[in-house]
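Note sheet for the following structure.
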Amino acid sequence: METGSHAYLDNSKNENVKIFINGELFERSKAKVSVFDSGFLLGDGLWEGMRLHNGHIAFVESHLKRLYEGAKAIDLEIGLSKKELHEAILRTCEANNMKNGVHVRLIVSRGVKKTPFQSPRANIGKSTIVIIPEWKEAKKDSFSNGLNLHTVHIQRGPTTIQDPQWNSLSKLNCISACIQAEKSGADEALMLDPHGFVATCNSTHFFIIRNGELWTSNGLYCLEGITRENIIFLAKKSGITVKECNFSLTKVYSSEEAFVTGTFAGLIPVKSVDGRDIGEILPGSITSKLRNEYLKLLEKECM
């Protein structure tokens, strides 16, 4: 992947990575799930993206809390305790001799069905658990180059349609937003909520700086981002006023700085939104300060 918040450096070692499926390790080429799996048939499941740093899964408690909260909401029995799942992730990384620069994709689906059908009553057996670790690091120039965002017509919906706080396998609304943004020549999509206020990006969380204050959405129409929460915490700790509020694109276009956050790359500045350049310097001073504070927090977390 050449550009965007998930632009990464290719690593040939990933061709031989071992993948965890329901307690067993498989070579990448032999790692498979059934065509009757709920995740494949219906996108019925949840996932987490995590970072392995210094041999530790960064902010693992927060990731697992979000996963199990989502599982409870959709009535999905994971089948392992948080401790057991954490240990399985670490064992998988150790089996691949991984310590640093690793992205881990954890997927939990409702498992295999007797026949293709929506109802969980058609399921047989336990949930499917897959752990995919890869050597994957963000491109170094992502922070210096920044991102170009495009506001799309596809919205983040209310909880009465599909709760945006479920980190579900059903990501078609975000995928459609991503496609629209890329067709427009942008790196990522900026998505609005049903009321026309800024919600989030298709795969990251969005922040702006106005009058030295940090603004982000009210959080009702986006995933409870782990990095998002850490940045809010660090900003408050640094004495920066934080506003989780409704704001329109007008406030975005005239903002002093903007950036996105995510587990993979941490914090990346935004260069432009809908063709409007953001700020005068890239990255801005507050963006740089928060990124440095986040890197310190990551090191402390993974000691």
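For the structure tokens, the naming scheme is as follows: chains receive sequential letters (A, B, ...) according to their order of presentation, residues are indexed from 1 within each chain, and ligands are indexed from 1 in presentation order.
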Q: as a ChimeraX atom specification, list the residues of stretch 137-282 of chain A assigned to alpha helix (DSSP H) by DSSP on the backbone atoms of this structure.
A: /A:141-145,172-183,226-237,249-253
Find the residues near stretch 56-71 of chain A: any atom within 10 Å, counting only C-alpha atoms, skip ones fewer than 3 places away on the same chain, and give them as a VMD selection string.
chain A and resid 45 to 53 74 to 78 81 to 83 85 to 86 89 to 90 93 99 to 100 102 to 104 106 to 110 163 165 to 168 223 to 227 229 to 230 263 297 to 303
In terms of only C-alpha atoms, the residue from A:Thr115, A:Ser288, A:Asn173, A:Thr92 at minimal distance from A:Ile131 is A:Thr92
Surrounding residues of A:Ala95 excluding itself and chain neighbours under 6 positions, 12 Å, only C-alpha atoms, as a ChimeraX atom specification:
/A:16-20,24-27,88-89,132-133
How would the residues just picked look written out with N, CA and C atoms as a PDB file, in the first residue's frame?
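What ended up in part_37.pdb:
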```pdb
ATOM      1  N   ASN A  16       6.008 -16.345   5.052  1.00  0.00           N
ATOM      2  CA  ASN A  16       6.115 -17.610   5.788  1.00  0.00           C
ATOM      3  C   ASN A  16       5.582 -17.508   7.221  1.00  0.00           C
ATOM      4  N   VAL A  17       4.764 -16.500   7.470  1.00  0.00           N
ATOM      5  CA  VAL A  17       4.279 -16.293   8.827  1.00  0.00           C
ATOM      6  C   VAL A  17       3.327 -17.419   9.241  1.00  0.00           C
ATOM      7  N   LYS A  18       3.358 -17.761  10.528  1.00  0.00           N
ATOM      8  CA  LYS A  18       2.457 -18.772  11.078  1.00  0.00           C
ATOM      9  C   LYS A  18       1.208 -18.081  11.622  1.00  0.00           C
ATOM     10  N   ILE A  19       0.042 -18.634  11.301  1.00  0.00           N
ATOM     11  CA  ILE A  19      -1.246 -18.049  11.665  1.00  0.00           C
ATOM     12  C   ILE A  19      -2.014 -18.979  12.586  1.00  0.00           C
ATOM     13  N   PHE A  20      -2.587 -18.418  13.621  1.00  0.00           N
ATOM     14  CA  PHE A  20      -3.359 -19.152  14.618  1.00  0.00           C
ATOM     15  C   PHE A  20      -4.807 -19.297  14.162  1.00  0.00           C
ATOM     16  N   GLU A  24      -4.539 -23.898  16.737  1.00  0.00           N
ATOM     17  CA  GLU A  24      -3.461 -24.490  15.953  1.00  0.00           C
ATOM     18  C   GLU A  24      -2.760 -23.421  15.119  1.00  0.00           C
ATOM     19  N   LEU A  25      -1.483 -23.688  14.811  1.00  0.00           N
ATOM     20  CA  LEU A  25      -0.708 -22.793  13.965  1.00  0.00           C
ATOM     21  C   LEU A  25      -0.556 -23.396  12.577  1.00  0.00           C
ATOM     22  N   PHE A  26      -0.774 -22.563  11.560  1.00  0.00           N
ATOM     23  CA  PHE A  26      -0.675 -22.998  10.172  1.00  0.00           C
ATOM     24  C   PHE A  26       0.238 -22.063   9.396  1.00  0.00           C
ATOM     25  N   GLU A  27       0.941 -22.607   8.424  1.00  0.00           N
ATOM     26  CA  GLU A  27       1.675 -21.757   7.487  1.00  0.00           C
ATOM     27  C   GLU A  27       0.679 -20.873   6.750  1.00  0.00           C
ATOM     28  N   ALA A  88      -2.744 -16.512  23.871  1.00  0.00           N
ATOM     29  CA  ALA A  88      -2.727 -17.082  22.525  1.00  0.00           C
ATOM     30  C   ALA A  88      -2.082 -16.126  21.530  1.00  0.00           C
ATOM     31  N   ILE A  89      -2.344 -14.834  21.696  1.00  0.00           N
ATOM     32  CA  ILE A  89      -1.733 -13.830  20.815  1.00  0.00           C
ATOM     33  C   ILE A  89      -0.222 -13.807  21.008  1.00  0.00           C
ATOM     34  N   ILE A 132      -3.654 -13.223  13.086  1.00  0.00           N
ATOM     35  CA  ILE A 132      -2.719 -13.020  11.966  1.00  0.00           C
ATOM     36  C   ILE A 132      -1.686 -11.972  12.368  1.00  0.00           C
ATOM     37  N   PRO A 133      -0.457 -12.383  12.694  1.00  0.00           N
ATOM     38  CA  PRO A 133       0.600 -11.415  12.979  1.00  0.00           C
ATOM     39  C   PRO A 133       1.440 -11.161  11.724  1.00  0.00           C
TER      40      PRO A 133
END
```
Closest of A:Asn148, A:Asn246, A:Gln155, A:Gln162 to A:Ser184, counting only C-alpha atoms, is A:Asn148
_Ranking A:Leu9, A:Leu41, A:Leu282, A:Ala258 by minimum distance to A:Leu214 and counting only C-alpha atoms, which one comes first?_
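Using only C-alpha atoms, the shortest distance to A:Leu214 belongs to A:Ala258.
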In Å and to one decimal, atom CA of A:Asp10 is distant from atom CA of A:Arg91 by 23.5 Å
Contact residues around A:Ser176 with only C-alpha atoms at 12 Å, ignoring same-chain residues under 5 positions, as a short mmCIF file (atom, residue, chain, number, x, y, z; two decimals) with all heavy atoms, in the first residue's frame:
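Here's the written file selection-v2.cif:
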```cif
data_model
loop_
_atom_site.label_atom_id
_atom_site.label_comp_id
_atom_site.auth_asym_id
_atom_site.auth_seq_id
_atom_site.Cartn_x
_atom_site.Cartn_y
_atom_site.Cartn_z
N VAL A 152 -17.16 12.16 2.13
CA VAL A 152 -18.00 11.30 1.29
C VAL A 152 -19.47 11.43 1.70
O VAL A 152 -19.80 11.93 2.77
CB VAL A 152 -17.56 9.82 1.40
CG1 VAL A 152 -16.13 9.66 0.90
CG2 VAL A 152 -17.67 9.32 2.84
N HIS A 153 -20.36 10.96 0.83
CA HIS A 153 -21.79 11.05 1.13
C HIS A 153 -22.26 9.90 2.03
O HIS A 153 -23.35 9.95 2.59
CB HIS A 153 -22.61 11.04 -0.17
CG HIS A 153 -22.68 9.71 -0.85
ND1 HIS A 153 -21.76 9.32 -1.80
CD2 HIS A 153 -23.53 8.67 -0.69
CE1 HIS A 153 -22.07 8.09 -2.21
NE2 HIS A 153 -23.13 7.68 -1.56
N ILE A 154 -21.41 8.88 2.19
CA ILE A 154 -21.76 7.72 3.02
C ILE A 154 -21.56 8.09 4.49
O ILE A 154 -20.48 8.50 4.90
CB ILE A 154 -20.90 6.51 2.64
CG1 ILE A 154 -21.15 6.16 1.18
CG2 ILE A 154 -21.21 5.31 3.53
CD1 ILE A 154 -20.05 5.35 0.55
N GLN A 155 -22.60 7.92 5.28
CA GLN A 155 -22.58 8.38 6.67
C GLN A 155 -22.26 7.25 7.64
O GLN A 155 -22.39 6.07 7.33
CB GLN A 155 -23.95 8.96 7.04
CG GLN A 155 -24.36 10.17 6.24
CD GLN A 155 -25.77 10.63 6.62
OE1 GLN A 155 -26.56 9.87 7.17
NE2 GLN A 155 -26.06 11.89 6.33
N ARG A 156 -21.86 7.66 8.83
CA ARG A 156 -21.81 6.76 9.97
C ARG A 156 -23.21 6.74 10.56
O ARG A 156 -23.74 7.77 10.96
CB ARG A 156 -20.81 7.24 11.00
CG ARG A 156 -19.38 7.27 10.50
CD ARG A 156 -18.80 5.88 10.35
NE ARG A 156 -18.53 5.29 11.65
CZ ARG A 156 -17.99 4.09 11.83
NH1 ARG A 156 -17.69 3.35 10.78
NH2 ARG A 156 -17.77 3.62 13.05
N SER A 170 -18.50 -6.64 9.48
CA SER A 170 -19.37 -6.03 8.47
C SER A 170 -18.95 -4.57 8.29
O SER A 170 -19.47 -3.67 8.94
CB SER A 170 -20.83 -6.10 8.92
OG SER A 170 -21.19 -7.42 9.25
N LYS A 171 -18.02 -4.32 7.38
CA LYS A 171 -17.43 -2.98 7.22
C LYS A 171 -17.79 -2.34 5.87
O LYS A 171 -17.10 -1.42 5.42
CB LYS A 171 -15.91 -3.07 7.34
CG LYS A 171 -15.40 -3.68 8.63
CD LYS A 171 -15.68 -2.81 9.84
CE LYS A 171 -14.81 -1.58 9.87
NZ LYS A 171 -14.98 -0.81 11.14
N ALA A 181 -13.55 7.87 -1.61
CA ALA A 181 -12.45 8.79 -1.37
C ALA A 181 -11.29 8.53 -2.33
O ALA A 181 -10.71 9.45 -2.91
CB ALA A 181 -11.97 8.68 0.07
N GLU A 182 -10.95 7.25 -2.52
CA GLU A 182 -9.84 6.90 -3.40
C GLU A 182 -10.16 7.24 -4.85
O GLU A 182 -9.28 7.68 -5.60
CB GLU A 182 -9.50 5.42 -3.25
CG GLU A 182 -8.87 5.10 -1.89
CD GLU A 182 -8.54 3.64 -1.71
OE1 GLU A 182 -8.93 2.82 -2.59
OE2 GLU A 182 -7.90 3.29 -0.70
N LYS A 183 -11.43 7.06 -5.28
CA LYS A 183 -11.82 7.43 -6.63
C LYS A 183 -11.71 8.94 -6.84
O LYS A 183 -11.53 9.41 -7.97
CB LYS A 183 -13.26 6.98 -6.91
CG LYS A 183 -13.47 5.48 -6.98
CD LYS A 183 -12.90 4.87 -8.25
CE LYS A 183 -13.26 3.40 -8.36
NZ LYS A 183 -12.69 2.77 -9.58
N GLU A 188 -8.01 8.98 2.21
CA GLU A 188 -8.97 8.39 3.13
C GLU A 188 -10.24 9.23 3.12
O GLU A 188 -10.24 10.40 2.70
CB GLU A 188 -8.38 8.31 4.55
CG GLU A 188 -9.17 7.44 5.49
CD GLU A 188 -8.37 6.96 6.70
OE1 GLU A 188 -7.13 6.83 6.59
OE2 GLU A 188 -8.98 6.72 7.74
N ALA A 189 -11.33 8.63 3.60
CA ALA A 189 -12.63 9.30 3.62
C ALA A 189 -12.90 9.95 4.97
O ALA A 189 -12.62 9.36 6.01
CB ALA A 189 -13.74 8.30 3.30
N LEU A 190 -13.44 11.15 4.93
CA LEU A 190 -13.98 11.78 6.12
C LEU A 190 -15.49 11.57 6.07
O LEU A 190 -16.14 11.89 5.08
CB LEU A 190 -13.65 13.28 6.14
CG LEU A 190 -14.06 14.05 7.39
CD1 LEU A 190 -13.38 13.48 8.63
CD2 LEU A 190 -13.72 15.53 7.24
N MET A 191 -16.04 11.00 7.14
CA MET A 191 -17.45 10.62 7.17
C MET A 191 -18.23 11.49 8.16
O MET A 191 -17.73 11.83 9.22
CB MET A 191 -17.58 9.14 7.54
CG MET A 191 -16.83 8.21 6.60
SD MET A 191 -16.89 6.46 7.09
CE MET A 191 -18.61 6.07 6.69
N CYS A 201 -13.13 9.09 10.27
CA CYS A 201 -12.68 8.66 8.95
C CYS A 201 -13.06 7.19 8.76
O CYS A 201 -13.53 6.53 9.69
CB CYS A 201 -11.17 8.83 8.80
SG CYS A 201 -10.65 10.57 8.81
N ASN A 202 -12.85 6.68 7.56
CA ASN A 202 -13.29 5.30 7.31
C ASN A 202 -12.47 4.27 8.09
O ASN A 202 -12.95 3.18 8.38
CB ASN A 202 -13.28 4.97 5.82
CG ASN A 202 -11.90 5.02 5.19
OD1 ASN A 202 -11.47 6.09 4.78
ND2 ASN A 202 -11.22 3.90 5.09
N SER A 203 -11.22 4.59 8.46
CA SER A 203 -10.42 3.62 9.21
C SER A 203 -9.60 4.26 10.33
O SER A 203 -8.81 3.57 10.99
CB SER A 203 -9.48 2.85 8.27
OG SER A 203 -8.51 3.72 7.73
#
```
Handout entry: All strand (DSSP E or B) positions in stretch 74-106 of chain A, as a PyMOL selection string
Key = chain A and resi 102-106
Would you kindly return, as a ChimeraX atom specification, each protein, DNA or RNA residue with an atom no farther than 7 Å from any atom of A:Phe197, considering only C-alpha atoms and excluding same-chain residues fewer than 2 positions away? /A:192-193,195,199,246-248
Which polymer residues have any atom within 6 Å of an atom of stretch 32-37 of chain A, counting only C-alpha atoms, with same-chain residues fewer than 6 positions away left out, as a list in words?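 With the cut-off at 6 Å, the set is Gly111, Val112 and Lys113 of chain A.
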Please save N, CA, C and O atoms of the selected residues as an mmCIF file, in the first residue's frame.
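Wrote selection_15.cif, looks like this:
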```cif
data_model
loop_
_atom_site.group_PDB
_atom_site.id
_atom_site.type_symbol
_atom_site.label_atom_id
_atom_site.label_comp_id
_atom_site.auth_asym_id
_atom_site.auth_seq_id
_atom_site.Cartn_x
_atom_site.Cartn_y
_atom_site.Cartn_z
ATOM 1 N N GLY A 111 -18.544 -18.599 13.993
ATOM 2 C CA GLY A 111 -18.205 -19.987 13.709
ATOM 3 C C GLY A 111 -18.951 -20.563 12.522
ATOM 4 O O GLY A 111 -19.574 -19.848 11.737
ATOM 5 N N VAL A 112 -18.869 -21.871 12.393
ATOM 6 C CA VAL A 112 -19.390 -22.580 11.220
ATOM 7 C C VAL A 112 -20.901 -22.777 11.319
ATOM 8 O O VAL A 112 -21.447 -23.042 12.387
ATOM 9 N N LYS A 113 -21.560 -22.652 10.156
ATOM 10 C CA LYS A 113 -22.996 -22.876 10.074
ATOM 11 C C LYS A 113 -23.300 -24.206 9.381
ATOM 12 O O LYS A 113 -22.527 -24.665 8.526
#
```
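Nearest residue to A:Ile209, choosing from A:Arg228, A:Lys114, A:Lys243, A:His6 and counting only C-alpha atoms: A:Lys243.
Computed from the coordinates, the atom CA of A:Tyr8 to atom CA of A:Asp277 distance equals 24.5 Å.
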